[in-house]
>>> print(open('coords_38.csv').read())   # CSV, C-alpha atoms
chain,number,residue,atom,x,y,z
O,58,MET,CA,-29.7,20.0,56.4
O,59,PHE,CA,-30.3,22.5,53.6
O,60,PRO,CA,-28.6,20.2,51.0
O,61,GLN,CA,-30.8,17.3,52.2
O,62,ARG,CA,-34.0,19.2,51.4
O,63,ILE,CA,-32.8,20.4,48.0
O,64,MET,CA,-31.7,16.9,46.9
O,65,PRO,CA,-35.1,15.2,47.1
O,66,SER,CA,-36.7,18.1,45.2
O,67,LYS,CA,-33.9,18.0,42.5
O,68,VAL,CA,-34.4,14.3,42.1
O,69,VAL,CA,-38.2,14.7,41.7
O,70,TRP,CA,-37.6,17.6,39.3
O,71,LEU,CA,-35.1,15.5,37.3
O,72,LEU,CA,-37.4,12.5,37.1
O,73,THR,CA,-40.3,14.6,36.1
O,74,MET,CA,-38.4,16.2,33.3
O,75,LEU,CA,-37.2,12.8,32.1
O,76,LEU,CA,-40.7,11.4,32.1
O,77,ILE,CA,-42.1,14.4,30.2
O,78,SER,CA,-39.2,14.6,27.7
O,79,ALA,CA,-38.9,10.9,26.9
O,80,PRO,CA,-42.1,10.7,24.7
O,81,LEU,CA,-41.2,14.0,23.1
O,82,SER,CA,-37.8,12.8,22.3
O,83,ALA,CA,-39.1,9.5,20.9
O,84,ALA,CA,-41.6,11.3,18.7
O,85,HIS,CA,-38.9,13.7,17.5
O,86,HIS,CA,-36.5,10.9,16.6
O,87,GLY,CA,-39.1,8.7,14.9
O,88,GLY,CA,-40.2,6.5,17.8
O,89,ALA,CA,-43.9,7.1,17.1
O,90,ARG,CA,-43.4,6.6,13.4
O,91,GLN,CA,-41.6,3.3,13.9
O,92,GLU,CA,-44.5,2.1,16.1
O,93,GLY,CA,-47.0,3.1,13.4
O,94,MET,CA,-44.9,1.4,10.7
O,95,ALA,CA,-44.8,-1.8,12.7
O,96,GLY,CA,-48.6,-1.7,13.1
O,97,GLN,CA,-48.9,-1.2,9.3
O,98,ALA,CA,-46.6,-4.1,8.5
O,99,SER,CA,-49.4,-6.7,8.8
O,100,SER,CA,-52.0,-4.4,7.1
O,101,ILE,CA,-50.8,-5.4,3.6
O,102,GLU,CA,-51.9,-8.8,2.5
O,103,VAL,CA,-50.2,-10.6,-0.4
O,104,ALA,CA,-52.2,-13.1,-2.5
O,105,HIS,CA,-51.2,-15.1,-5.6
O,106,PRO,CA,-47.6,-14.1,-6.1
O,107,TRP,CA,-46.4,-15.6,-9.4
O,108,ALA,CA,-44.2,-15.2,-12.4
O,109,ARG,CA,-43.8,-16.9,-15.7
O,110,ALA,CA,-40.7,-18.9,-16.6
O,111,THR,CA,-38.5,-17.1,-19.2
O,112,PRO,CA,-36.8,-18.7,-22.1
O,113,PRO,CA,-32.9,-18.8,-22.2
O,114,GLY,CA,-31.6,-15.4,-23.2
O,115,ALA,CA,-34.6,-13.4,-22.1
O,116,GLY,CA,-33.5,-10.1,-20.6
O,117,ALA,CA,-36.4,-9.6,-18.3
O,118,GLY,CA,-39.4,-11.3,-16.6
O,119,GLY,CA,-42.6,-10.2,-15.1
O,120,GLY,CA,-43.8,-10.6,-11.5
O,121,PHE,CA,-47.5,-10.5,-10.5
O,122,VAL,CA,-49.4,-10.4,-7.2
O,123,THR,CA,-52.5,-9.0,-5.6
O,124,LEU,CA,-52.0,-6.6,-2.7
O,125,THR,CA,-54.8,-5.8,-0.3
O,126,ASN,CA,-54.4,-2.9,2.1
O,127,HIS,CA,-56.4,-3.8,5.3
O,128,GLY,CA,-55.0,-0.7,7.1
O,129,GLY,CA,-56.8,2.4,8.1
O,130,GLY,CA,-54.7,4.6,5.8
O,131,ASP,CA,-53.5,4.6,2.2
O,132,ASP,CA,-50.1,3.2,1.4
O,133,MET,CA,-47.9,2.9,-1.7
O,134,LEU,CA,-45.8,0.1,-3.2
O,135,LEU,CA,-42.7,2.1,-4.0
O,136,GLY,CA,-40.5,-0.6,-5.4
O,137,ALA,CA,-39.0,-4.1,-5.1
O,138,THR,CA,-35.7,-5.9,-5.0
O,139,SER,CA,-34.7,-9.5,-5.8
O,140,PRO,CA,-31.4,-11.4,-5.4
O,141,ILE,CA,-31.8,-12.7,-9.0
O,142,THR,CA,-31.3,-9.3,-10.5
O,143,GLU,CA,-29.9,-5.9,-9.6
O,144,ARG,CA,-33.0,-4.0,-10.8
O,145,VAL,CA,-36.7,-4.5,-10.3
O,146,GLU,CA,-39.0,-1.9,-11.8
O,147,ILE,CA,-42.7,-1.2,-11.5
O,148,HIS,CA,-44.3,-1.1,-15.0
O,149,ILE,CA,-47.7,-0.3,-16.5
O,150,MET,CA,-49.1,-1.1,-19.9
O,151,GLU,CA,-50.3,2.0,-21.8
O,152,MET,CA,-51.7,2.6,-25.2
O,153,ASP,CA,-49.5,4.5,-27.6
O,154,GLY,CA,-51.8,5.1,-30.6
O,155,ASP,CA,-52.8,1.5,-31.6
O,156,VAL,CA,-49.9,-0.1,-29.8
O,157,MET,CA,-49.8,-1.3,-26.2
O,158,ARG,CA,-46.4,-0.3,-24.6
O,159,MET,CA,-44.8,-1.2,-21.3
O,160,VAL,CA,-43.6,1.9,-19.4
O,161,PRO,CA,-41.9,2.3,-16.0
O,162,LEU,CA,-44.0,3.8,-13.2
O,163,PRO,CA,-41.4,5.4,-11.0
O,164,GLY,CA,-43.8,7.0,-8.6
O,165,GLY,CA,-45.1,3.6,-7.3
O,166,ILE,CA,-48.5,2.1,-7.0
O,167,GLU,CA,-51.2,3.6,-4.8
O,168,LEU,CA,-52.7,1.1,-2.3
O,169,PRO,CA,-55.9,2.8,-1.0
O,170,ALA,CA,-57.1,1.7,2.4
O,171,GLY,CA,-59.6,-1.2,2.3
O,172,GLU,CA,-58.9,-1.9,-1.4
O,173,SER,CA,-57.0,-4.5,-3.5
O,174,VAL,CA,-54.7,-3.8,-6.4
O,175,THR,CA,-53.7,-6.7,-8.7
O,176,LEU,CA,-50.5,-6.7,-10.6
O,177,ALA,CA,-51.2,-8.8,-13.7
O,178,PRO,CA,-50.1,-9.3,-17.3
O,179,GLY,CA,-51.4,-6.5,-19.5
O,180,GLY,CA,-51.5,-4.0,-16.6
O,181,LEU,CA,-49.5,-3.1,-13.5
O,182,HIS,CA,-46.6,-5.5,-12.9
O,183,LEU,CA,-43.1,-5.9,-11.6
O,184,MET,CA,-40.3,-6.2,-14.2
O,185,LEU,CA,-37.2,-8.1,-13.1
O,186,MET,CA,-34.7,-6.4,-15.4
O,187,GLU,CA,-31.4,-7.6,-16.8
O,188,LEU,CA,-31.7,-11.2,-15.8
O,189,GLY,CA,-28.4,-13.1,-15.5
O,190,SER,CA,-30.1,-16.4,-16.0
O,191,PRO,CA,-33.6,-17.5,-16.9
O,192,ILE,CA,-36.5,-17.6,-14.4
O,193,VAL,CA,-37.0,-21.4,-14.1
O,194,GLU,CA,-40.4,-23.1,-13.8
O,195,GLY,CA,-40.9,-24.5,-10.3
O,196,ALA,CA,-38.1,-22.4,-8.8
O,197,PRO,CA,-39.6,-19.7,-6.6
O,198,VAL,CA,-38.2,-16.2,-7.1
O,199,PRO,CA,-37.6,-14.2,-3.8
O,200,VAL,CA,-38.8,-10.6,-4.0
O,201,THR,CA,-38.8,-7.9,-1.3
O,202,LEU,CA,-41.7,-5.4,-1.7
O,203,GLU,CA,-41.0,-1.9,-0.4
O,204,PHE,CA,-43.8,0.3,0.8
O,205,GLN,CA,-44.2,3.9,1.8
O,206,HIS,CA,-45.6,3.1,5.3
O,207,ALA,CA,-45.6,-0.6,5.8
O,208,GLU,CA,-42.4,-2.5,6.6
O,209,PRO,CA,-40.6,-4.2,3.6
O,210,MET,CA,-42.2,-7.6,2.9
O,211,GLU,CA,-40.4,-10.7,1.6
O,212,ILE,CA,-42.5,-12.8,-0.8
O,213,GLU,CA,-41.8,-15.7,-3.2
O,214,LEU,CA,-43.2,-15.6,-6.7
O,215,GLN,CA,-44.3,-19.1,-7.7
O,216,VAL,CA,-42.9,-19.7,-11.2
O,217,LEU,CA,-45.3,-21.1,-13.8
O,218,PRO,CA,-44.5,-22.4,-17.4
O,219,VAL,CA,-43.8,-19.9,-20.1
O,220,GLY,CA,-47.2,-18.3,-21.2
O,221,ALA,CA,-49.2,-19.8,-18.3
O,222,SER,CA,-51.4,-18.0,-15.8
O,223,PRO,CA,-52.6,-19.3,-12.4
O,224,GLU,CA,-56.0,-20.9,-12.2
O,225,GLY,CA,-58.5,-18.4,-10.7
O,226,SER,CA,-56.3,-15.4,-11.5
O,227,HIS,CA,-58.0,-12.1,-11.1
O,228,HIS,CA,-56.5,-11.3,-14.5
O,229,GLU,CA,-58.8,-13.7,-16.3
O,230,GLY,CA,-61.4,-11.5,-18.0
O,231,SER,CA,-60.1,-8.3,-16.6
O,232,HIS,CA,-60.0,-6.7,-20.0
O,233,PRO,CA,-61.8,-7.3,-23.3
O,234,LYS,CA,-60.4,-9.9,-25.6
O,235,GLY,CA,-58.3,-8.3,-28.4
O,236,ALA,CA,-58.1,-5.0,-26.5
O,237,HIS,CA,-54.3,-5.1,-26.7
O,238,ASP,CA,-51.4,-7.3,-27.6
O,239,HIS,CA,-48.5,-7.3,-25.2
O,240,GLY,CA,-46.5,-10.1,-26.7
O,241,HIS,CA,-47.9,-13.1,-24.9
O,242,ALA,CA,-49.9,-15.8,-26.6
O,243,THR,CA,-52.0,-16.3,-23.5
O,244,HIS,CA,-52.4,-14.4,-20.2
>>> encode(input="coords_38.csv", output="structure tokens")
Amino acid sequence: MFPQRIMPSKVVWLLTMLLISAPLSAAHHGGARQEGMAGQASSIEVAHPWARATPPGAGAGGGFVTLTNHGGGDDMLLGATSPITERVEIHIMEMDGDVMRMVPLPGGIELPAGESVTLAPGGLHLMLMELGSPIVEGAPVPVTLEFQHAEPMEIELQVLPVGASPEGSHHEGSHPKGAHDHGHATH
């Protein structure tokens, strides 16, 4: 009779401990973070992903896109990958005296909550490095964007002719004419 009274109380105690410890265990092992990351995945909106075709022998090509963070917290674009190259870098154009130079931005790009950031020629952009073959007009380039909080996002850059820019691009008029020369006839 004594063992029968102890058994129900042990079962209740064990179930209570499991119910209390399960959320703590999940939080400790990243369960809460995974849920938050999944919620953030749709908070980044991609608009106007594009690239320019490259001539034969070109070692690199640029990728451009507008990213809007609709989430409640800041995020960062940390990097990108693409099956057409082993290395994709984030670059920015900076003045070096009277010359505009392209430099890597290893820390990523801040995506403040509620704001849009445009990667465009002459500013922030993706560089697809060490191309094995040219980027061909009309053949979309798959890219996976990697964020600090949001889940990785697969996009396709629509490839325009060499020197072209998409109609209605946010880049149009984004800086004064003649403010810099970054090696493109038009942008």
>>> atom_distance(input="coords_38.csv", atom1="atom CA of O:His105", atom2="atom CA of O:Pro223")
8.1 Å
>>> residues_around(input="coords_38.csv", residues="stretch 156-170 of chain O", least_positions_apart="6", cutoff="10 Å", atoms="only C-alpha atoms", output="PyMOL selection string")
chain O and resi 100-101+124-136+146-150+176+179-184+203-205+236-240
>>> closest_residue(input="coords_38.csv", among="O:Gly120, O:Pro209, O:Gly114, O:Gly195", to="O:Thr175", atoms="only C-alpha atoms")
O:Gly120
>>> atom_distance(input="coords_38.csv", atom1="atom CA of O:Pro113", atom2="atom CA of O:Ile192")
8.7 Å
>>> atom_distance(input="coords_38.csv", atom1="atom CA of O:Gly118", atom2="atom CA of O:Glu151")
18.0 Å
>>> closest_residue(input="coords_38.csv", among="O:Val122, O:Ala221, O:Ala177, O:Ala117", to="O:Glu102", atoms="all atoms listed in the file")
O:Val122
